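*Asks:* What follows is query-v6.tsv; its format and atoms are TSV, C-alpha atoms.
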```
chain	number	residue	atom	x	y	z
A	24	MET	CA	32.99	147.12	92.46
A	25	VAL	CA	29.72	145.25	92.36
A	26	PHE	CA	28.26	144.23	95.70
A	27	PRO	CA	26.02	141.18	95.34
A	28	MET	CA	24.07	140.86	98.59
A	29	THR	CA	22.05	137.72	98.18
A	30	GLU	CA	22.82	136.09	101.50
A	31	ARG	CA	22.02	136.95	105.10
A	32	LEU	CA	24.67	138.61	107.19
A	33	VAL	CA	25.43	137.22	110.63
A	34	LEU	CA	27.58	139.06	113.15
A	35	HIS	CA	29.37	136.79	115.63
A	36	GLU	CA	29.89	139.13	118.54
A	37	TYR	CA	30.08	140.18	122.18
A	38	SER	CA	27.79	143.17	122.45
A	39	GLN	CA	29.91	145.22	124.90
A	40	SER	CA	32.95	145.09	122.63
A	41	GLY	CA	33.57	148.34	120.76
A	42	ASN	CA	35.01	146.34	117.87
A	43	CYS	CA	31.66	144.55	117.55
A	44	TYR	CA	29.69	147.77	118.00
A	45	LYS	CA	31.53	149.43	115.13
A	46	VAL	CA	30.31	146.68	112.80
A	47	ARG	CA	26.70	147.14	113.99
A	48	LEU	CA	27.05	150.92	113.68
A	49	THR	CA	28.39	150.62	110.13
A	50	ALA	CA	25.53	148.29	109.20
A	51	ALA	CA	23.02	150.77	110.61
A	52	MET	CA	24.65	153.71	108.83
A	53	VAL	CA	24.43	151.95	105.45
A	54	GLY	CA	20.97	150.51	106.15
A	55	LYS	CA	21.88	146.82	106.20
A	56	HIS	CA	20.52	144.24	108.59
A	57	VAL	CA	22.82	141.87	110.47
A	58	ASP	CA	21.62	138.97	112.57
A	59	ARG	CA	23.49	138.85	115.87
A	60	ARG	CA	24.96	135.79	117.54
A	61	GLN	CA	26.36	136.37	121.03
A	62	TYR	CA	29.42	134.77	122.64
A	63	ASP	CA	30.47	135.19	126.25
A	64	ILE	CA	34.16	135.99	125.92
A	65	MET	CA	34.52	135.93	129.72
A	66	LYS	CA	33.68	132.23	129.54
A	67	GLY	CA	36.10	131.68	126.65
A	68	GLU	CA	33.36	130.86	124.16
A	69	THR	CA	35.43	132.15	121.23
A	70	ARG	CA	38.34	129.84	122.12
A	71	MET	CA	36.26	126.65	121.83
A	72	PRO	CA	37.27	124.10	119.14
A	73	ASP	CA	34.05	124.61	117.16
A	74	PHE	CA	34.53	128.38	116.98
A	75	LEU	CA	38.22	128.05	116.09
A	76	ALA	CA	37.51	125.50	113.37
A	77	ASN	CA	34.48	127.13	111.79
A	78	VAL	CA	34.35	130.86	112.58
A	79	ASN	CA	37.80	132.30	113.31
A	80	ALA	CA	41.03	130.39	113.92
A	81	ASN	CA	42.26	133.52	115.71
A	82	GLY	CA	39.66	133.00	118.47
A	83	ARG	CA	38.33	136.54	118.38
A	84	ILE	CA	35.16	138.41	117.68
A	85	PRO	CA	33.72	140.20	115.79
A	86	VAL	CA	33.43	137.98	112.75
A	87	LEU	CA	31.02	138.87	109.97
A	88	GLN	CA	29.52	135.86	108.22
A	89	LEU	CA	28.14	135.95	104.71
A	90	GLY	CA	26.80	132.53	103.78
A	91	GLU	CA	29.70	130.10	104.11
A	92	ARG	CA	32.35	132.78	104.30
A	93	PHE	CA	33.70	134.65	107.31
A	94	ILE	CA	35.41	138.02	107.73
A	95	PRO	CA	37.32	138.45	111.01
A	96	GLU	CA	38.86	141.81	111.98
A	97	SER	CA	36.36	144.54	112.76
A	98	ASN	CA	37.66	147.15	110.34
A	99	ALA	CA	37.68	144.68	107.44
A	100	ALA	CA	34.07	143.73	108.26
A	101	CYS	CA	33.11	147.42	108.37
A	102	TYR	CA	34.74	148.00	104.99
A	103	PHE	CA	32.82	145.07	103.52
A	104	LEU	CA	29.51	146.45	104.77
A	105	ALA	CA	30.24	150.01	103.63
A	106	GLU	CA	31.63	149.04	100.22
A	107	GLY	CA	30.07	151.24	97.56
A	108	SER	CA	28.51	153.62	100.09
A	109	GLY	CA	29.34	157.29	100.57
A	110	PHE	CA	31.29	156.40	103.73
A	111	ILE	CA	34.22	155.15	101.64
A	112	PRO	CA	35.94	157.92	99.67
A	113	THR	CA	36.60	157.09	96.04
A	114	GLN	CA	39.45	159.57	95.53
A	115	PRO	CA	42.62	157.45	96.01
A	116	PHE	CA	44.43	159.73	98.46
A	117	ASP	CA	41.33	160.20	100.63
A	118	HIS	CA	40.72	156.46	100.47
A	119	ALA	CA	44.27	155.74	101.66
A	120	ASP	CA	43.89	158.43	104.32
A	121	MET	CA	40.75	156.69	105.59
A	122	LEU	CA	42.65	153.38	105.77
A	123	ARG	CA	45.50	155.20	107.52
A	124	TRP	CA	43.18	156.17	110.39
A	125	MET	CA	41.68	152.68	110.51
A	126	PHE	CA	45.13	151.04	110.75
A	127	TRP	CA	46.14	153.67	113.32
A	128	GLU	CA	43.02	152.85	115.32
A	129	GLN	CA	43.98	149.19	115.53
A	130	TYR	CA	47.64	149.87	116.33
A	131	ASN	CA	47.72	152.99	118.51
A	132	HIS	CA	44.21	153.44	119.86
A	133	GLU	CA	42.52	150.08	120.44
A	134	PRO	CA	45.43	148.31	122.26
A	135	ASN	CA	45.54	151.19	124.74
A	136	ILE	CA	41.99	152.45	125.17
A	137	ALA	CA	40.00	149.29	124.47
A	138	THR	CA	42.35	147.01	126.36
A	139	LEU	CA	42.39	149.25	129.43
A	140	ARG	CA	38.59	149.48	129.27
A	141	PHE	CA	38.34	145.70	129.14
A	142	TRP	CA	40.78	145.23	131.99
A	143	MET	CA	39.07	147.79	134.22
A	144	GLN	CA	35.44	147.14	133.34
A	145	SER	CA	35.26	143.43	132.57
A	146	ILE	CA	38.14	141.87	134.51
A	147	GLY	CA	38.25	144.50	137.24
A	148	ALA	CA	41.29	146.47	138.43
A	149	ALA	CA	41.58	144.34	141.59
A	150	ASN	CA	41.77	141.10	139.57
A	151	LEU	CA	44.58	142.02	137.19
A	152	ASP	CA	47.76	139.95	137.24
A	153	ASP	CA	51.16	141.60	137.55
A	154	LEU	CA	51.94	141.54	133.84
A	155	LYS	CA	48.76	143.49	133.09
A	156	ARG	CA	49.18	145.81	136.06
A	157	LEU	CA	52.71	146.70	134.97
A	158	GLN	CA	51.47	147.61	131.49
A	159	MET	CA	48.80	149.98	132.74
A	160	PRO	CA	50.95	153.15	132.90
A	161	ALA	CA	52.19	152.61	129.34
A	162	LYS	CA	48.65	151.98	128.11
A	163	ARG	CA	47.35	155.04	129.97
A	164	GLN	CA	50.07	157.15	128.35
A	165	GLY	CA	49.49	155.60	124.91
A	166	GLY	CA	45.74	156.12	125.14
A	167	ASN	CA	46.11	159.76	126.11
A	168	ALA	CA	48.60	160.27	123.29
A	169	ALA	CA	46.05	158.77	120.88
A	170	LEU	CA	43.27	161.04	122.15
A	171	LYS	CA	45.55	164.08	121.90
A	172	LEU	CA	46.48	163.19	118.32
A	173	MET	CA	42.78	162.96	117.47
A	174	ASP	CA	42.05	166.25	119.26
A	175	ASP	CA	44.84	168.04	117.38
A	176	HIS	CA	43.69	166.59	114.06
A	177	LEU	CA	40.12	167.79	114.70
A	178	LYS	CA	41.22	171.32	115.59
A	179	ASP	CA	40.32	172.74	112.18
A	180	ARG	CA	38.12	170.01	110.80
A	181	GLU	CA	34.82	168.27	111.42
A	182	TRP	CA	35.70	164.77	110.23
A	183	PHE	CA	38.87	162.70	110.05
A	184	VAL	CA	39.08	162.48	106.25
A	185	GLY	CA	37.91	165.10	103.78
A	186	ASP	CA	34.79	167.08	104.65
A	187	GLN	CA	32.30	164.36	105.47
A	188	LEU	CA	31.80	161.44	107.81
A	189	SER	CA	33.68	158.37	106.56
A	190	LEU	CA	34.35	154.87	107.79
A	191	ALA	CA	37.38	156.28	109.63
A	192	ASP	CA	35.05	158.27	111.90
A	193	ILE	CA	32.80	155.26	112.53
A	194	CYS	CA	35.74	153.00	113.41
A	195	LEU	CA	37.39	155.60	115.66
A	196	PHE	CA	34.12	156.51	117.34
A	197	ALA	CA	33.44	153.03	118.74
A	198	TYR	CA	36.02	152.98	121.55
A	199	THR	CA	36.57	156.74	121.79
A	200	HIS	CA	33.07	157.56	122.96
A	201	VAL	CA	33.34	155.04	125.82
A	202	ALA	CA	36.93	155.90	126.79
A	203	GLY	CA	35.51	157.17	130.09
A	204	ASP	CA	34.87	153.50	131.01
A	205	ALA	CA	38.66	153.17	131.19
A	206	GLU	CA	38.89	156.41	133.20
A	207	TYR	CA	40.18	158.53	130.36
A	208	ASP	CA	39.10	162.12	130.92
A	209	LEU	CA	37.55	163.14	127.61
A	210	SER	CA	36.97	166.71	128.81
A	211	ARG	CA	40.70	167.24	128.18
A	212	TYR	CA	39.97	166.74	124.46
A	213	PRO	CA	37.20	169.21	123.57
A	214	ASN	CA	37.50	168.75	119.79
A	215	VAL	CA	37.01	165.01	120.31
A	216	VAL	CA	33.96	165.68	122.50
A	217	ASN	CA	32.43	167.89	119.79
A	218	TRP	CA	33.19	165.29	117.11
A	219	ILE	CA	31.52	162.58	119.23
A	220	GLU	CA	28.37	164.73	119.29
A	221	ARG	CA	28.55	165.19	115.51
A	222	VAL	CA	28.70	161.42	114.96
A	223	LYS	CA	25.78	160.91	117.38
A	224	GLY	CA	23.83	163.50	115.41
A	225	HIS	CA	23.83	161.41	112.23
A	226	PRO	CA	20.26	160.38	111.39
A	227	ARG	CA	21.19	156.70	111.17
A	228	TYR	CA	23.27	156.62	114.36
A	229	ILE	CA	22.56	153.80	116.80
A	230	ALA	CA	23.87	153.61	120.37
A	231	MET	CA	26.18	150.85	121.64
A	232	ASP	CA	23.39	149.27	123.70
A	233	ALA	CA	20.77	149.50	120.94
B	9	MET	CA	39.21	154.44	90.79
B	10	VAL	CA	41.46	156.65	88.71
B	11	PHE	CA	45.04	157.00	89.90
B	12	PRO	CA	46.55	160.29	88.78
B	13	MET	CA	50.28	160.03	89.31
B	14	THR	CA	51.65	163.39	88.40
B	15	GLU	CA	53.83	163.97	91.44
B	16	ARG	CA	56.94	162.33	92.79
B	17	LEU	CA	56.60	159.85	95.61
B	18	VAL	CA	58.89	160.20	98.63
B	19	LEU	CA	59.18	157.51	101.27
B	20	HIS	CA	60.18	158.81	104.70
B	21	GLU	CA	61.75	155.74	106.24
B	22	TYR	CA	64.26	153.76	108.29
B	23	SER	CA	65.56	151.10	105.95
B	24	GLN	CA	65.79	148.25	108.49
B	25	SER	CA	62.11	148.58	109.44
B	26	GLY	CA	59.91	145.89	107.95
B	27	ASN	CA	57.05	148.38	107.81
B	28	CYS	CA	59.20	150.58	105.56
B	29	TYR	CA	60.41	147.63	103.50
B	30	LYS	CA	56.85	146.56	102.73
B	31	VAL	CA	56.21	149.96	101.12
B	32	ARG	CA	59.39	149.65	99.01
B	33	LEU	CA	58.46	146.07	98.09
B	34	THR	CA	54.94	147.13	97.04
B	35	ALA	CA	56.38	149.96	94.93
B	36	ALA	CA	58.75	147.51	93.24
B	37	MET	CA	55.99	144.98	92.64
B	38	VAL	CA	53.80	147.56	90.89
B	39	GLY	CA	56.73	149.18	89.07
B	40	LYS	CA	56.63	152.59	90.76
B	41	HIS	CA	59.64	154.60	91.85
B	42	VAL	CA	59.87	156.10	95.33
B	43	ASP	CA	62.58	158.48	96.45
B	44	ARG	CA	63.89	157.49	99.88
B	45	ARG	CA	64.58	159.81	102.79
B	46	GLN	CA	66.25	158.16	105.79
B	47	TYR	CA	65.68	158.90	109.47
B	48	ASP	CA	67.68	157.41	112.34
B	49	ILE	CA	64.96	156.29	114.72
B	50	MET	CA	67.60	155.29	117.29
B	51	LYS	CA	68.45	159.00	117.52
B	52	GLY	CA	64.78	159.97	117.74
B	53	GLU	CA	64.77	161.77	114.39
B	54	THR	CA	61.06	161.03	113.85
B	55	ARG	CA	60.15	162.66	117.20
B	56	MET	CA	61.67	166.03	116.27
B	57	PRO	CA	59.30	169.05	116.10
B	58	ASP	CA	59.81	169.50	112.37
B	59	PHE	CA	58.91	165.87	111.61
B	60	LEU	CA	55.89	165.95	113.94
B	61	ALA	CA	54.62	169.21	112.45
B	62	ASN	CA	55.18	168.43	108.78
B	63	VAL	CA	55.39	164.68	108.18
B	64	ASN	CA	53.54	162.67	110.85
B	65	ALA	CA	52.16	163.94	114.15
B	66	ASN	CA	52.33	160.32	115.34
B	67	GLY	CA	56.15	160.41	115.17
B	68	ARG	CA	56.50	157.22	113.19
B	69	ILE	CA	57.80	156.01	109.88
B	70	PRO	CA	57.06	154.96	107.19
B	71	VAL	CA	55.23	157.92	105.72
B	72	LEU	CA	54.58	158.09	101.99
B	73	GLN	CA	54.60	161.61	100.60
B	74	LEU	CA	52.83	162.62	97.41
B	75	GLY	CA	53.40	166.31	96.74
B	76	GLU	CA	52.10	168.18	99.77
B	77	ARG	CA	50.19	165.24	101.20
B	78	PHE	CA	51.37	162.49	103.51
B	79	ILE	CA	50.17	158.94	104.19
B	80	PRO	CA	51.35	157.44	107.49
B	81	GLU	CA	50.69	153.78	108.37
B	82	SER	CA	52.55	151.27	106.23
B	83	ASN	CA	49.57	149.25	105.06
B	84	ALA	CA	47.67	152.37	103.99
B	85	ALA	CA	50.73	153.51	102.01
B	86	CYS	CA	50.98	150.06	100.38
B	87	TYR	CA	47.31	150.20	99.43
B	88	PHE	CA	47.78	153.63	97.86
B	89	LEU	CA	50.70	152.38	95.76
B	90	ALA	CA	48.93	149.19	94.68
B	91	GLU	CA	45.57	150.84	93.94
B	92	GLY	CA	44.29	149.60	90.60
B	93	SER	CA	46.92	146.86	90.31
B	94	GLY	CA	46.29	143.12	90.26
B	95	PHE	CA	47.53	142.91	93.86
B	96	ILE	CA	44.23	144.29	95.15
B	97	PRO	CA	41.29	141.94	94.54
B	98	THR	CA	38.21	143.59	93.06
B	99	GLN	CA	35.70	141.01	94.28
B	100	PRO	CA	34.28	142.52	97.52
B	101	PHE	CA	34.69	139.48	99.75
B	102	ASP	CA	38.26	138.85	98.60
B	103	HIS	CA	38.99	142.56	99.01
B	104	ALA	CA	37.69	142.48	102.59
B	105	ASP	CA	39.62	139.26	103.21
B	106	MET	CA	42.81	140.99	102.05
B	107	LEU	CA	42.13	143.86	104.46
B	108	ARG	CA	41.40	141.31	107.18
B	109	TRP	CA	44.92	139.92	106.90
B	110	MET	CA	46.41	143.42	106.76
B	111	PHE	CA	44.59	144.49	109.94
B	112	TRP	CA	45.54	141.20	111.56
B	113	GLU	CA	49.16	141.82	110.62
B	114	GLN	CA	49.17	145.16	112.43
B	115	TYR	CA	47.33	143.84	115.49
B	116	ASN	CA	48.53	140.27	116.05
B	117	HIS	CA	51.77	139.94	114.10
B	118	GLU	CA	53.69	143.21	114.05
B	119	PRO	CA	53.43	144.06	117.79
B	120	ASN	CA	54.87	140.64	118.63
B	121	ILE	CA	57.32	139.76	115.88
B	122	ALA	CA	58.46	143.22	114.78
B	123	THR	CA	58.68	144.62	118.29
B	124	LEU	CA	60.68	141.66	119.58
B	125	ARG	CA	62.97	141.95	116.55
B	126	PHE	CA	63.51	145.64	117.27
B	127	TRP	CA	64.17	145.03	120.94
B	128	MET	CA	66.62	142.20	120.33
B	129	GLN	CA	68.36	143.49	117.23
B	130	SER	CA	68.37	147.28	117.59
B	131	ILE	CA	68.18	147.92	121.33
B	132	GLY	CA	69.84	144.66	122.37
B	133	ALA	CA	68.52	142.12	124.90
B	134	ALA	CA	70.99	143.28	127.57
B	135	ASN	CA	69.76	146.89	127.35
B	136	LEU	CA	66.02	146.29	127.79
B	137	ASP	CA	64.27	147.87	130.76
B	138	ASP	CA	62.09	145.79	133.09
B	139	LEU	CA	58.79	146.72	131.43
B	140	LYS	CA	60.06	145.43	128.08
B	141	ARG	CA	61.73	142.37	129.60
B	142	LEU	CA	58.51	141.39	131.35
B	143	GLN	CA	56.59	141.58	128.10
B	144	MET	CA	58.97	139.30	126.21
B	145	PRO	CA	57.30	135.95	127.11
B	146	ALA	CA	53.88	137.26	126.03
B	147	LYS	CA	55.32	138.62	122.80
B	148	ARG	CA	57.18	135.37	122.14
B	149	GLN	CA	53.94	133.42	122.66
B	150	GLY	CA	51.90	135.88	120.56
B	151	GLY	CA	54.43	135.79	117.73
B	152	ASN	CA	54.48	132.00	117.64
B	153	ALA	CA	50.67	131.94	117.69
B	154	ALA	CA	50.68	134.32	114.70
B	155	LEU	CA	53.16	132.17	112.78
B	156	LYS	CA	51.12	129.04	113.56
B	157	LEU	CA	47.93	130.71	112.34
B	158	MET	CA	49.70	131.61	109.09
B	159	ASP	CA	51.11	128.09	108.76
B	160	ASP	CA	47.68	126.51	109.27
B	161	HIS	CA	46.08	128.91	106.78
B	162	LEU	CA	48.72	128.05	104.16
B	163	LYS	CA	48.26	124.30	104.60
B	164	ASP	CA	46.07	123.95	101.51
B	165	ARG	CA	46.79	127.20	99.72
B	166	GLU	CA	49.61	129.09	98.06
B	167	TRP	CA	48.57	132.65	98.93
B	168	PHE	CA	46.65	134.29	101.76
B	169	VAL	CA	43.68	135.46	99.69
B	170	GLY	CA	42.22	133.74	96.65
B	171	ASP	CA	44.66	132.02	94.30
B	172	GLN	CA	47.22	134.70	93.61
B	173	LEU	CA	49.67	136.94	95.40
B	174	SER	CA	47.89	139.97	96.88
B	175	LEU	CA	48.83	142.93	99.03
B	176	ALA	CA	48.08	140.72	102.05
B	177	ASP	CA	51.05	138.52	101.14
B	178	ILE	CA	53.34	141.51	100.61
B	179	CYS	CA	52.41	143.08	103.94
B	180	LEU	CA	52.70	139.80	105.87
B	181	PHE	CA	55.98	138.90	104.18
B	182	ALA	CA	57.90	141.95	105.41
B	183	TYR	CA	58.37	140.93	109.06
B	184	THR	CA	57.73	137.20	108.63
B	185	HIS	CA	60.77	136.54	106.47
B	186	VAL	CA	63.06	138.17	109.06
B	187	ALA	CA	61.38	136.65	112.13
B	188	GLY	CA	64.62	134.74	112.70
B	189	ASP	CA	66.18	138.09	113.72
B	190	ALA	CA	63.93	137.89	116.79
B	191	GLU	CA	64.91	134.23	117.34
B	192	TYR	CA	61.65	132.79	116.04
B	193	ASP	CA	62.34	129.34	114.61
B	194	LEU	CA	60.71	129.43	111.18
B	195	SER	CA	61.54	125.76	110.54
B	196	ARG	CA	58.60	124.96	112.84
B	197	TYR	CA	56.33	126.50	110.19
B	198	PRO	CA	57.12	124.71	106.90
B	199	ASN	CA	54.14	126.12	104.99
B	200	VAL	CA	55.31	129.61	105.91
B	201	VAL	CA	58.84	128.77	104.75
B	202	ASN	CA	57.50	127.57	101.38
B	203	TRP	CA	55.31	130.67	101.03
B	204	ILE	CA	58.33	132.91	101.75
B	205	GLU	CA	60.13	131.22	98.85
B	206	ARG	CA	57.11	131.75	96.58
B	207	VAL	CA	57.07	135.48	97.36
B	208	LYS	CA	60.83	135.69	96.74
B	209	GLY	CA	60.27	133.98	93.41
B	210	HIS	CA	58.13	136.80	92.05
B	211	PRO	CA	59.93	138.45	89.10
B	212	ARG	CA	59.62	141.92	90.65
B	213	TYR	CA	60.69	140.90	94.14
B	214	ILE	CA	63.35	143.05	95.82
B	215	ALA	CA	65.22	142.15	98.99
B	216	MET	CA	65.04	144.17	102.21
B	217	ASP	CA	68.58	145.48	101.76
B	218	ALA	CA	68.16	146.30	98.06
```
Since I need it in another form, could you write the structure as structure tokens?

*Replies:*
Amino acid sequence: MVFPMTERLVLHEYSQSGNCYKVRLTAAMVGKHVDRRQYDIMKGETRMPDFLANVNANGRIPVLQLGERFIPESNAACYFLAEGSGFIPTQPFDHADMLRWMFWEQYNHEPNIATLRFWMQSIGAANLDDLKRLQMPAKRQGGNAALKLMDDHLKDREWFVGDQLSLADICLFAYTHVAGDAEYDLSRYPNVVNWIERVKGHPRYIAMDA
Amino acid sequence: MVFPMTERLVLHEYSQSGNCYKVRLTAAMVGKHVDRRQYDIMKGETRMPDFLANVNANGRIPVLQLGERFIPESNAACYFLAEGSGFIPTQPFDHADMLRWMFWEQYNHEPNIATLRFWMQSIGAANLDDLKRLQMPAKRQGGNAALKLMDDHLKDREWFVGDQLSLADICLFAYTHVAGDAEYDLSRYPNVVNWIERVKGHPRYIAMDA
């Protein structure tokens, strides 16, 4: 595929969101610049009519803007940025395997680990309504199951797909490395801890608060 | 990308699952044959040690098998099957936009519409525990929001991405066309109803119970 990059990239984001960070991390890893536009999701700024009409009808960030076009969904935005780079395997099975981990991240990992982090860190445990509070044990269990699956997968391997860092690692890294914010005990998952250090050791790595 | 297809494809599945159906539908649309191996998820057959060790450590179907290798996650399996076909746009933005809808499907659509369908149709409303019952209003609201987003998007267009049927349509179709099983009223979403008929009109379309 040809990747014509003639327009500026704008990331509509909330900097503490791991989904937004993964887009910034991908951009850094492939050496692309994104302008950043901040929204305060605690004030509902992504649910305003202007945002819904012009940026994302789904009322969520991140959204990557390229000229007049917009890409919601963090993993789709990461794929767009990394297109043609060495972070996307070209061998069809490895490529599908990378997507497999990215879909798994959004289905099994993010709704447990990221949501619990948001509830505990941004809303605050004392402020949760009953519906959220009742879901916490299931999310705790689901998050630990996700971390265990990652730990088992990394038992005999350095990266999630093939033998080098791919977009799957970048997308999984974003919320995993801050799982402690949601009181997940990462020391129970030593292979994950070692993998986190490997990702951080990449020469183009940038931290979440960079 | 080159797609060497020298080995038989086996779909590990539960035929009533929309996630499994979307893999069969993709295979039919691209003219590939998949052998089918059934598991009774109501009896926990995908949580057995043999399945976890050899097919998918995540204990879920569908899983697409190619020789000794396995691809869990329905949308990743669909991508693998459709690789190189006209159902995957080659223009980078359209390609990312297709992935955007596929990630959205797994995050905003499936957990609401598919889960409610499973609870109501397979477990039965009378048999749900309190944690599930308490989540039903949120899932009902989330599912209707997803259907409305689809309906609005289809207001001026025939397909989700660009001007032809793509993998995004196939993946979204699977649970949307049976949303009535979860007592969603599709007649509230006329653009979705018309789109469902367009998908069904494709010459290679196969029904869920085919």

*Asks:* Place a sphere of radius 10 Å on (43.1, 154.5, 103.9) in the file coordinates and name every protein, DNA or RNA residue with an atom inside or on its surface, counting only C-alpha atoms; give the answer as a list of chain:residue names.

*Replies:*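 Returned residue set, sorted by chain then number, is A:Ile111, A:Pro112, A:Pro115, A:Phe116, A:Asp117, A:His118, A:Ala119, A:Asp120, A:Met121, A:Leu122, A:Arg123, A:Trp124, A:Met125, A:Phe126, A:Trp127, A:Val184, A:Leu190, A:Ala191, B:Ile79, B:Pro80, B:Glu81, B:Asn83, B:Ala84, B:Ala85, B:Cys86, B:Tyr87, B:Phe88.
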
*Asks:* Would you kindly return, as a PyMOL selection string, each protein, DNA or RNA residue with an atom no farther than 12 Å from any atom of B:Glu205, considering only C-alpha atoms and excluding same-chain residues fewer than 5 positions away?

*Replies:* chain B and resi 166-167+177+181+184-185+198-200+210+213

*Asks:* Calculated over all atoms listed in the file, which of the candidates B:Arg55, B:Arg16, B:His161, B:Arg125 has the smallest distance to chain A?

*Replies:*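 That would be B:His161, the residue with the smallest distance to chain A.
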
*Asks:* Quick one, how far is atom CA of A:Leu139 from atom CA of A:Asp204?

*Replies:* 8.8 Å

*Asks:* Residues within 10 Å of stretch 45-52 of chain B, please, as a PyMOL selection string. Count only C-alpha atoms; anything in the same chain fewer than 6 positions from it doesn't count.

*Replies:* chain B and resi 18-23+25+59+67-71+130-131

*Asks:* How many Å separate atom CA of B:Lys147 from atom CA of B:Cys179?

*Replies:*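 Atom-to-atom, atom CA of B:Lys147 to atom CA of B:Cys179, that is 19.6 Å.
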
*Asks:* Using all atoms listed in the file, which protein or nucleic acid residues come within 9 Å of A:Asn81? Drop anything in the same chain fewer than 4 positions from it, and give the result as an MDAnalysis selection string.

*Replies:* (chainID A and resid 69:70 75 95) or (chainID B and resid 153:154 157)

*Asks:* Give the answer as one residue: which of A:Asn77, A:Thr49, A:Gln187, A:Asn167 has the shortest atom-to-atom distance to A:Glu133, using only C-alpha atoms?

*Replies:* A:Asn167

*Asks:* Which residue is closest to chain B? Choose from A:Gln39, A:Gln88, A:Gln129, A:Ser108 and count all atoms listed in the file.

*Replies:* A:Gln129

*Asks:* Suppose you want the space between atom CA of A:Leu170 and atom CA of A:Tyr212; what is it in Å?

*Replies:*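 The value is 7.0 Å.
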